[in-house]
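Coordinates from model05.cif are shown below (mmCIF, C-alpha atoms).
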```cif
data_run
#
loop_
_atom_site.group_PDB
_atom_site.id
_atom_site.type_symbol
_atom_site.label_atom_id
_atom_site.label_comp_id
_atom_site.auth_asym_id
_atom_site.auth_seq_id
_atom_site.Cartn_x
_atom_site.Cartn_y
_atom_site.Cartn_z
ATOM 1 C CA MET A 172 22.393 -12.296 -23.354
ATOM 2 C CA VAL A 173 19.850 -10.712 -21.050
ATOM 3 C CA GLU A 174 16.438 -12.210 -21.657
ATOM 4 C CA ARG A 175 13.578 -9.812 -21.890
ATOM 5 C CA ASP A 176 11.129 -9.975 -19.020
ATOM 6 C CA THR A 177 7.781 -10.788 -20.549
ATOM 7 C CA SER A 178 5.823 -10.794 -17.293
ATOM 8 C CA PHE A 179 4.955 -7.129 -17.712
ATOM 9 C CA THR A 180 3.374 -5.407 -20.692
ATOM 10 C CA GLN A 181 5.181 -2.502 -22.321
ATOM 11 C CA GLU A 182 2.531 -0.144 -20.929
ATOM 12 C CA GLU A 183 3.125 -1.449 -17.415
ATOM 13 C CA LEU A 184 6.903 -1.109 -17.705
ATOM 14 C CA ALA A 185 6.581 2.441 -19.041
ATOM 15 C CA TYR A 186 4.227 3.364 -16.212
ATOM 16 C CA LEU A 187 6.433 1.811 -13.517
ATOM 17 C CA ALA A 188 9.466 3.635 -14.909
ATOM 18 C CA GLY A 189 7.716 6.978 -14.522
ATOM 19 C CA GLN A 190 6.513 6.673 -10.929
ATOM 20 C CA PRO A 191 8.725 7.668 -7.992
ATOM 21 C CA LEU A 192 7.143 5.525 -5.260
ATOM 22 C CA GLY A 193 5.236 2.335 -4.700
ATOM 23 C CA ARG A 194 3.733 0.850 -1.550
ATOM 24 C CA ILE A 195 4.799 -2.499 -0.218
ATOM 25 C CA ALA A 196 2.737 -4.691 2.086
ATOM 26 C CA THR A 197 4.410 -7.298 4.273
ATOM 27 C CA ALA A 198 3.404 -9.478 7.214
ATOM 28 C CA GLN A 199 5.106 -9.633 10.587
ATOM 29 C CA PRO A 200 5.849 -13.058 12.066
ATOM 30 C CA ASN A 201 2.741 -12.695 14.285
ATOM 31 C CA GLY A 202 0.542 -11.983 11.249
ATOM 32 C CA THR A 203 0.193 -8.212 11.688
ATOM 33 C CA LEU A 204 0.216 -6.482 8.311
ATOM 34 C CA GLN A 205 2.136 -3.363 7.450
ATOM 35 C CA VAL A 206 2.311 -1.179 4.361
ATOM 36 C CA SER A 207 4.698 1.642 3.515
ATOM 37 C CA PRO A 208 5.946 3.821 0.662
ATOM 38 C CA VAL A 209 9.192 2.757 -0.982
ATOM 39 C CA GLY A 210 11.459 3.462 -3.920
ATOM 40 C CA PHE A 211 11.700 0.705 -6.511
ATOM 41 C CA ARG A 212 12.913 -0.266 -9.927
ATOM 42 C CA HIS A 213 12.096 -2.985 -12.375
ATOM 43 C CA ASN A 214 15.139 -5.226 -12.791
ATOM 44 C CA THR A 215 15.229 -6.375 -16.401
ATOM 45 C CA ALA A 216 17.896 -9.004 -15.793
ATOM 46 C CA THR A 217 16.049 -10.809 -13.008
ATOM 47 C CA GLY A 218 12.462 -10.009 -13.951
ATOM 48 C CA THR A 219 11.931 -8.709 -10.439
ATOM 49 C CA ILE A 220 10.871 -5.514 -8.718
ATOM 50 C CA ASP A 221 13.745 -4.407 -6.504
ATOM 51 C CA ILE A 222 12.803 -2.305 -3.490
ATOM 52 C CA THR A 223 15.342 0.073 -2.068
ATOM 53 C CA GLY A 224 15.196 2.244 1.001
ATOM 54 C CA TYR A 225 17.042 4.131 3.670
ATOM 55 C CA ARG A 226 18.316 1.739 6.339
ATOM 56 C CA MET A 227 16.592 -1.105 4.511
ATOM 57 C CA ALA A 228 18.395 -3.885 6.370
ATOM 58 C CA GLN A 229 17.178 -2.503 9.706
ATOM 59 C CA SER A 230 13.601 -2.035 8.552
ATOM 60 C CA ARG A 231 10.716 -4.115 9.752
ATOM 61 C CA LYS A 232 9.614 -4.846 6.195
ATOM 62 C CA TYR A 233 13.012 -6.303 5.320
ATOM 63 C CA ARG A 234 12.870 -8.565 8.368
ATOM 64 C CA ASN A 235 9.273 -9.518 7.571
ATOM 65 C CA VAL A 236 10.310 -10.599 4.089
ATOM 66 C CA ALA A 237 13.264 -12.538 5.476
ATOM 67 C CA ASP A 238 10.819 -14.269 7.840
ATOM 68 C CA ASN A 239 8.108 -15.355 5.432
ATOM 69 C CA GLY A 240 8.604 -13.886 1.929
ATOM 70 C CA ARG A 241 5.015 -12.704 1.725
ATOM 71 C CA VAL A 242 4.539 -9.467 -0.160
ATOM 72 C CA ALA A 243 2.217 -7.358 -2.262
ATOM 73 C CA PHE A 244 3.265 -4.171 -4.032
ATOM 74 C CA VAL A 245 1.270 -1.455 -5.732
ATOM 75 C CA VAL A 246 2.128 1.557 -7.849
ATOM 76 C CA ASP A 247 -0.769 3.866 -8.571
ATOM 77 C CA ASP A 248 -1.702 7.471 -9.091
ATOM 78 C CA LEU A 249 -4.446 9.673 -10.451
ATOM 79 C CA ALA A 250 -3.810 10.804 -14.019
ATOM 80 C CA SER A 251 -6.512 13.362 -13.302
ATOM 81 C CA VAL A 252 -9.020 14.033 -10.524
ATOM 82 C CA ARG A 253 -11.761 15.528 -12.717
ATOM 83 C CA PRO A 254 -12.551 13.284 -14.421
ATOM 84 C CA TRP A 255 -11.431 10.552 -12.012
ATOM 85 C CA ARG A 256 -8.626 8.678 -13.800
ATOM 86 C CA PRO A 257 -6.892 6.133 -11.596
ATOM 87 C CA ARG A 258 -3.916 4.162 -12.881
ATOM 88 C CA CYS A 259 -2.558 1.109 -11.124
ATOM 89 C CA VAL A 260 -0.159 -1.817 -11.297
ATOM 90 C CA GLU A 261 -0.450 -4.288 -8.434
ATOM 91 C CA ILE A 262 1.997 -7.148 -8.018
ATOM 92 C CA ARG A 263 1.548 -10.153 -5.762
ATOM 93 C CA GLY A 264 4.288 -12.666 -5.307
ATOM 94 C CA ARG A 265 7.140 -13.942 -3.228
ATOM 95 C CA ALA A 266 10.003 -11.785 -2.078
ATOM 96 C CA GLU A 267 13.537 -12.242 -0.837
ATOM 97 C CA ALA A 268 15.555 -10.052 1.494
ATOM 98 C CA VAL A 269 18.896 -9.993 -0.309
ATOM 99 C CA VAL A 270 22.056 -7.956 -0.500
ATOM 100 C CA ASP A 271 22.612 -6.822 -4.058
ATOM 101 C CA PRO A 272 26.314 -6.289 -4.894
ATOM 102 C CA ARG A 273 25.560 -2.842 -6.261
ATOM 103 C CA LEU A 274 22.412 -1.688 -4.461
ATOM 104 C CA GLY A 275 23.063 -3.145 -1.012
ATOM 105 C CA PRO A 276 20.176 -4.637 1.001
ATOM 106 C CA ILE A 277 17.019 -4.796 -1.087
ATOM 107 C CA ILE A 278 13.695 -6.581 -1.154
ATOM 108 C CA ARG A 279 13.462 -8.505 -4.409
ATOM 109 C CA ILE A 280 9.916 -9.278 -5.521
ATOM 110 C CA HIS A 281 9.243 -12.170 -7.887
ATOM 111 C CA PRO A 282 5.848 -11.445 -9.454
ATOM 112 C CA GLU A 283 3.316 -14.260 -9.468
ATOM 113 C CA ARG A 284 0.228 -12.226 -10.265
ATOM 114 C CA ILE A 285 -0.042 -8.821 -11.940
ATOM 115 C CA ILE A 286 -3.168 -6.672 -11.980
ATOM 116 C CA SER A 287 -3.242 -3.381 -13.864
ATOM 117 C CA PHE A 288 -5.756 -0.863 -15.113
ATOM 118 C CA GLY A 289 -6.021 2.653 -16.473
ATOM 119 C CA LEU A 290 -2.674 2.669 -18.284
ATOM 120 C CA ASP A 291 -3.840 2.746 -21.897
ATOM 121 C CA GLU A 292 -7.450 3.875 -21.670
ATOM 122 C CA PRO A 293 -7.128 7.608 -20.989
ATOM 123 C CA ASP A 294 -10.684 8.356 -22.093
ATOM 124 C CA THR A 295 -12.518 5.532 -20.368
ATOM 125 C CA ASP A 296 -14.780 6.097 -17.387
ATOM 126 C CA ALA A 297 -13.092 4.850 -14.212
ATOM 127 C CA HIS A 298 -15.823 2.287 -13.551
ATOM 128 C CA SER A 299 -15.526 0.868 -17.068
ATOM 129 C CA LEU A 300 -11.770 0.329 -17.138
ATOM 130 C CA THR A 301 -10.487 -3.027 -18.315
ATOM 131 C CA ILE A 302 -8.768 -4.939 -15.501
ATOM 132 C CA ASN A 303 -5.725 -6.776 -16.829
ATOM 133 C CA ALA A 304 -5.180 -9.521 -14.244
ATOM 134 C CA ARG A 305 -3.109 -12.597 -14.863
ATOM 135 C CA ASP A 306 -0.786 -15.085 -13.277
ATOM 136 C CA VAL A 307 2.773 -14.803 -14.495
ATOM 137 C CA HIS A 308 5.526 -17.335 -14.523
ATOM 138 C CA GLN A 309 8.998 -16.724 -13.299
ATOM 139 C CA PRO A 310 11.952 -17.897 -15.333
ATOM 140 C CA ARG A 311 13.498 -21.001 -13.841
ATOM 141 C CA HIS A 312 16.089 -20.479 -11.183
ATOM 142 C CA GLY A 313 19.014 -20.840 -13.600
ATOM 143 C CA ALA A 314 17.705 -18.142 -15.871
ATOM 144 C CA GLU A 315 17.682 -15.682 -12.970
ATOM 145 C CA ARG A 316 21.433 -15.953 -12.675
ATOM 146 C CA ILE A 317 22.181 -14.069 -15.874
ATOM 147 C CA MET B 247 -22.351 13.967 22.386
ATOM 148 C CA VAL B 248 -19.782 12.821 19.882
ATOM 149 C CA GLU B 249 -16.476 12.219 21.591
ATOM 150 C CA ARG B 250 -13.429 13.584 19.898
ATOM 151 C CA ASP B 251 -11.091 10.974 18.480
ATOM 152 C CA THR B 252 -7.767 11.490 20.168
ATOM 153 C CA SER B 253 -5.941 8.653 18.409
ATOM 154 C CA PHE B 254 -4.722 10.993 15.686
ATOM 155 C CA THR B 255 -2.858 14.260 16.047
ATOM 156 C CA GLN B 256 -4.305 17.397 14.504
ATOM 157 C CA GLU B 257 -1.524 17.341 11.900
ATOM 158 C CA GLU B 258 -2.398 13.782 10.944
ATOM 159 C CA LEU B 259 -6.105 14.554 10.644
ATOM 160 C CA ALA B 260 -5.414 17.616 8.499
ATOM 161 C CA TYR B 261 -3.122 15.605 6.257
ATOM 162 C CA LEU B 262 -5.586 12.727 5.882
ATOM 163 C CA ALA B 263 -8.380 15.155 5.033
ATOM 164 C CA GLY B 264 -6.356 16.567 2.154
ATOM 165 C CA GLN B 265 -5.362 13.336 0.417
ATOM 166 C CA PRO B 266 -7.609 11.682 -2.165
ATOM 167 C CA LEU B 267 -6.353 8.087 -1.894
ATOM 168 C CA GLY B 268 -4.770 5.656 0.516
ATOM 169 C CA ARG B 269 -3.545 2.104 0.015
ATOM 170 C CA ILE B 270 -4.987 -0.780 1.966
ATOM 171 C CA ALA B 271 -3.245 -4.098 2.540
ATOM 172 C CA THR B 272 -5.254 -7.203 3.365
ATOM 173 C CA ALA B 273 -4.597 -10.938 3.539
ATOM 174 C CA GLN B 274 -6.459 -13.639 1.676
ATOM 175 C CA PRO B 275 -7.585 -16.721 3.610
ATOM 176 C CA ASN B 276 -4.573 -18.617 2.187
ATOM 177 C CA GLY B 277 -2.177 -15.924 3.425
ATOM 178 C CA THR B 278 -1.502 -14.196 0.093
ATOM 179 C CA LEU B 279 -1.211 -10.443 0.598
ATOM 180 C CA GLN B 280 -2.795 -7.806 -1.579
ATOM 181 C CA VAL B 281 -2.621 -4.019 -1.618
ATOM 182 C CA SER B 282 -4.702 -1.523 -3.572
ATOM 183 C CA PRO B 283 -5.597 2.164 -3.798
ATOM 184 C CA VAL B 284 -8.852 3.217 -2.131
ATOM 185 C CA GLY B 285 -10.893 6.225 -1.157
ATOM 186 C CA PHE B 286 -11.264 6.832 2.562
ATOM 187 C CA ARG B 287 -12.396 9.198 5.253
ATOM 188 C CA HIS B 288 -11.717 9.601 8.922
ATOM 189 C CA ASN B 289 -14.917 8.951 10.848
ATOM 190 C CA THR B 290 -14.945 11.268 13.841
ATOM 191 C CA ALA B 291 -17.866 9.529 15.528
ATOM 192 C CA THR B 292 -16.337 6.053 15.513
ATOM 193 C CA GLY B 293 -12.640 6.965 15.565
ATOM 194 C CA THR B 294 -12.156 4.769 12.528
ATOM 195 C CA ILE B 295 -10.905 5.062 8.976
ATOM 196 C CA ASP B 296 -13.769 4.128 6.670
ATOM 197 C CA ILE B 297 -12.773 2.750 3.269
ATOM 198 C CA THR B 298 -15.152 3.159 0.379
ATOM 199 C CA GLY B 299 -14.971 1.868 -3.147
ATOM 200 C CA TYR B 300 -16.767 0.891 -6.291
ATOM 201 C CA ARG B 301 -18.365 -2.544 -5.903
ATOM 202 C CA MET B 302 -16.826 -2.788 -2.434
ATOM 203 C CA ALA B 303 -18.976 -5.719 -1.292
ATOM 204 C CA GLN B 304 -17.797 -7.811 -4.264
ATOM 205 C CA SER B 305 -14.137 -6.916 -3.827
ATOM 206 C CA ARG B 306 -11.504 -9.346 -2.670
ATOM 207 C CA LYS B 307 -10.302 -6.928 0.011
ATOM 208 C CA TYR B 308 -13.772 -6.721 1.548
ATOM 209 C CA ARG B 309 -13.996 -10.509 1.680
ATOM 210 C CA ASN B 310 -10.469 -10.711 3.078
ATOM 211 C CA VAL B 311 -11.423 -8.364 5.901
ATOM 212 C CA ALA B 312 -14.603 -10.339 6.569
ATOM 213 C CA ASP B 313 -12.445 -13.472 6.767
ATOM 214 C CA ASN B 314 -9.730 -12.350 9.145
ATOM 215 C CA GLY B 315 -9.924 -8.606 9.897
ATOM 216 C CA ARG B 316 -6.225 -8.104 9.231
ATOM 217 C CA VAL B 317 -5.362 -4.777 7.672
ATOM 218 C CA ALA B 318 -2.770 -2.076 7.239
ATOM 219 C CA PHE B 319 -3.427 1.260 5.584
ATOM 220 C CA VAL B 320 -1.128 4.005 4.409
ATOM 221 C CA VAL B 321 -1.591 7.526 3.097
ATOM 222 C CA ASP B 322 1.523 9.156 1.745
ATOM 223 C CA ASP B 323 2.808 11.519 -0.890
ATOM 224 C CA LEU B 324 5.800 13.622 -1.787
ATOM 225 C CA ALA B 325 5.447 17.245 -0.723
ATOM 226 C CA SER B 326 8.326 17.839 -3.108
ATOM 227 C CA VAL B 327 10.750 15.714 -5.119
ATOM 228 C CA ARG B 328 13.709 18.102 -4.980
ATOM 229 C CA PRO B 329 14.372 18.177 -2.152
ATOM 230 C CA TRP B 330 12.897 14.772 -1.322
ATOM 231 C CA ARG B 331 10.027 15.449 1.120
ATOM 232 C CA PRO B 332 7.970 12.352 1.877
ATOM 233 C CA ARG B 333 4.896 12.575 4.079
ATOM 234 C CA CYS B 334 3.187 9.541 5.519
ATOM 235 C CA VAL B 335 0.548 8.250 7.917
ATOM 236 C CA GLU B 336 0.475 4.476 8.334
ATOM 237 C CA ILE B 337 -2.242 2.751 10.341
ATOM 238 C CA ARG B 338 -2.180 -0.836 11.543
ATOM 239 C CA GLY B 339 -5.164 -2.384 13.219
ATOM 240 C CA ARG B 340 -8.214 -4.525 12.958
ATOM 241 C CA ALA B 341 -10.923 -4.001 10.406
ATOM 242 C CA GLU B 342 -14.541 -4.958 9.903
ATOM 243 C CA ALA B 343 -16.461 -5.447 6.681
ATOM 244 C CA VAL B 344 -19.677 -3.635 7.492
ATOM 245 C CA VAL B 345 -22.650 -2.034 5.778
ATOM 246 C CA ASP B 346 -22.928 1.585 6.830
ATOM 247 C CA PRO B 347 -26.517 2.908 6.698
ATOM 248 C CA ARG B 348 -25.390 5.898 4.690
ATOM 249 C CA LEU B 349 -22.230 4.784 2.851
ATOM 250 C CA GLY B 350 -23.178 1.173 2.083
ATOM 251 C CA PRO B 351 -20.535 -1.572 2.292
ATOM 252 C CA ILE B 352 -17.312 -0.240 3.757
ATOM 253 C CA ILE B 353 -14.172 -1.495 5.420
ATOM 254 C CA ARG B 354 -13.940 0.080 8.861
ATOM 255 C CA ILE B 355 -10.440 0.228 10.302
ATOM 256 C CA HIS B 356 -9.909 0.476 14.054
ATOM 257 C CA PRO B 357 -6.396 1.861 14.496
ATOM 258 C CA GLU B 358 -4.140 0.059 16.947
ATOM 259 C CA ARG B 359 -0.841 1.567 15.876
ATOM 260 C CA ILE B 360 -0.176 4.844 14.043
ATOM 261 C CA ILE B 361 3.130 5.806 12.446
ATOM 262 C CA SER B 362 3.587 9.186 10.808
ATOM 263 C CA PHE B 363 6.373 11.407 9.575
ATOM 264 C CA GLY B 364 7.011 14.486 7.478
ATOM 265 C CA LEU B 365 3.766 16.273 8.331
ATOM 266 C CA ASP B 366 5.104 19.169 10.350
ATOM 267 C CA GLU B 367 8.806 19.292 9.475
ATOM 268 C CA PRO B 368 8.778 20.865 6.014
ATOM 269 C CA ASP B 369 12.442 21.883 6.168
ATOM 270 C CA THR B 370 13.926 18.709 7.603
ATOM 271 C CA ASP B 371 16.081 16.374 5.552
ATOM 272 C CA ALA B 372 14.151 13.201 4.710
ATOM 273 C CA HIS B 373 16.601 10.981 6.577
ATOM 274 C CA SER B 374 16.339 13.115 9.707
ATOM 275 C CA LEU B 375 12.560 13.202 10.022
ATOM 276 C CA THR B 376 11.024 12.391 13.379
ATOM 277 C CA ILE B 377 9.024 9.170 13.281
ATOM 278 C CA ASN B 378 5.897 9.502 15.404
ATOM 279 C CA ALA B 379 4.991 5.884 16.178
ATOM 280 C CA ARG B 380 2.677 4.842 18.964
ATOM 281 C CA ASP B 381 0.051 2.347 19.973
ATOM 282 C CA VAL B 382 -3.410 3.837 20.283
ATOM 283 C CA HIS B 383 -6.365 2.661 22.245
ATOM 284 C CA GLN B 384 -9.818 2.307 20.873
ATOM 285 C CA PRO B 385 -12.800 3.526 22.883
ATOM 286 C CA ARG B 386 -14.648 0.648 24.485
ATOM 287 C CA HIS B 387 -17.280 -1.082 22.449
ATOM 288 C CA GLY B 388 -20.116 0.914 23.938
ATOM 289 C CA ALA B 389 -18.512 4.198 23.055
ATOM 290 C CA GLU B 390 -18.312 3.174 19.397
ATOM 291 C CA ARG B 391 -22.072 2.980 19.204
ATOM 292 C CA ILE B 392 -22.679 6.708 19.483
#
```
Could you take the file, read its structure, and then write that structure out as structure tokens?
Amino acid sequence: MVERDTSFTQEELAYLAGQPLGRIATAQPNGTLQVSPVGFRHNTATGTIDITGYRMAQSRKYRNVADNGRVAFVVDDLASVRPWRPRCVEIRGRAEAVVDPRLGPIIRIHPERIISFGLDEPDTDAHSLTINARDVHQPRHGAERI
Amino acid sequence: MVERDTSFTQEELAYLAGQPLGRIATAQPNGTLQVSPVGFRHNTATGTIDITGYRMAQSRKYRNVADNGRVAFVVDDLASVRPWRPRCVEIRGRAEAVVDPRLGPIIRIHPERIISFGLDEPDTDAHSLTINARDVHQPRHGAERI
């Protein structure tokens, strides 16, 4: 049985499913930061965000993750410009550079903290949006092997 | 006389001027990365990217920059989905948390490396785009004080 990932709210999962790109931040071995647009999907079985990309295994971000596992990832857009209606899901956590049997080389993000806003308050002024920020717990290692 | 900033190409400046949001990555004192959407503008006088935001001085990213000055910043979008036409300007560099006399608290990014693609090749397959990546040099300290 595949356990349901309860780290994300239903609103967050619906929003993530509808967005084509996110932006991933990683750190080079010397500490220099980088950030770039990437394709992604929420992996229900592992409770992770899986990052795909052209020539992923050769990319600097893949090597950065293999080096230190540090990562932050954000998906956001503007539901409208007038009025200003930002929507956002930010994920901080640890990542692995792995080769998925089906997807090939991917960056697999294990969320440790999730911060979202603007997903279910379409009529709220941008400066009054509720920030949903919380630490999340990963299933134990065994449970990830489903 | 205000010197012209030659770090960016004309295509990059035109693209940046037309995009409402970028995403900034910073590092907390303990090394945890974060990334979030922000408003920005290219500052011709200083040759910097100036990041603005609601309650900037209270934000974690502002404090992160004050702590260690590490930053990466990306502006990207999809010119079209079918065919897949990504456009992107990524900037790596050092940043300051400063109070601008006119804008208030801002994060000021001094570009050290610029990576862009997709800005002037509207008919090129996404996997064949030219990556324009180069180190850039900041004007000396005195020149920034114009």
Tell me which protein, DNA and RNA residues are within 12 Å of region 367-380 of chain B, counting all atoms listed in the file, leaving out same-chain ones fewer than 5 positions away, and put them as a PyMOL selection string.
(chain A and resi 224-226) or (chain B and resi 253-255+257-258+324-338+357-362)
Taking only C-alpha atoms into account, which residues of chain B are within 6 Å of chain A, as an mmCIF file with C-alpha atoms, in the coordinates of the input?
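Written file, part24.cif:
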```cif
data_model
loop_
_atom_site.group_PDB
_atom_site.id
_atom_site.type_symbol
_atom_site.label_atom_id
_atom_site.label_comp_id
_atom_site.auth_asym_id
_atom_site.auth_seq_id
_atom_site.Cartn_x
_atom_site.Cartn_y
_atom_site.Cartn_z
ATOM 1 C CA LEU B 279 -1.211 -10.443 0.598
ATOM 2 C CA GLN B 280 -2.795 -7.806 -1.579
ATOM 3 C CA VAL B 281 -2.621 -4.019 -1.618
ATOM 4 C CA VAL B 317 -5.362 -4.777 7.672
ATOM 5 C CA ALA B 318 -2.770 -2.076 7.239
#
```
Excluding Pro200 (chain A) and residues on its chain fewer than 4 positions from it, collect all residues at most 10 Å away from it, counting all atoms listed in the file, and give them as a JSON list (two decimals) with C-alpha atoms, in the frame of the given file.
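File part-v1.json, as written:
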```json
[["chain", "number", "residue", "atom", "x", "y", "z"],
["A", 204, "LEU", "CA", 0.22, -6.48, 8.31],
["A", 234, "ARG", "CA", 12.87, -8.56, 8.37],
["A", 235, "ASN", "CA", 9.27, -9.52, 7.57],
["A", 236, "VAL", "CA", 10.31, -10.60, 4.09],
["A", 237, "ALA", "CA", 13.26, -12.54, 5.48],
["A", 238, "ASP", "CA", 10.82, -14.27, 7.84],
["A", 239, "ASN", "CA", 8.11, -15.36, 5.43]]
```
Taking (22.0, -8.6, -2.5) in the file's own coordinates, collect the residues within 12 Å, counting all atoms listed in the file, and hand them back as a PyMOL selection string.
chain A and resi 221-223+227-228+267-279
Residues near His213 (chain A), cut-off 8 Å, all atoms listed in the file, skip fewer than 2 positions along chain, as number ranges by chain
A: 184, 187-188, 211, 215, 218-221
Need the axis-aligned box for region 259-265 of chain A with 4 Å each side, so what are the centre and edges in Å to one decimal, as AutoDock Vina command-line options?
```
--center_x 2.3 --center_y -6.4 --center_z -7.3 --size_x 17.7 --size_y 23.1 --size_z 16.1
```
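One distance worth recording is that between CA of Ala266 (chain A) and CA of Gly240 (chain A), which is 4.7 Å.
Pairwise distance (CA of Lys307 (chain B), CA of Val284 (chain B)) equals 10.5 Å.
Straight-line separation from CA of Gln265 (chain B) to CA of Gly210 (chain A): 20.0 Å.
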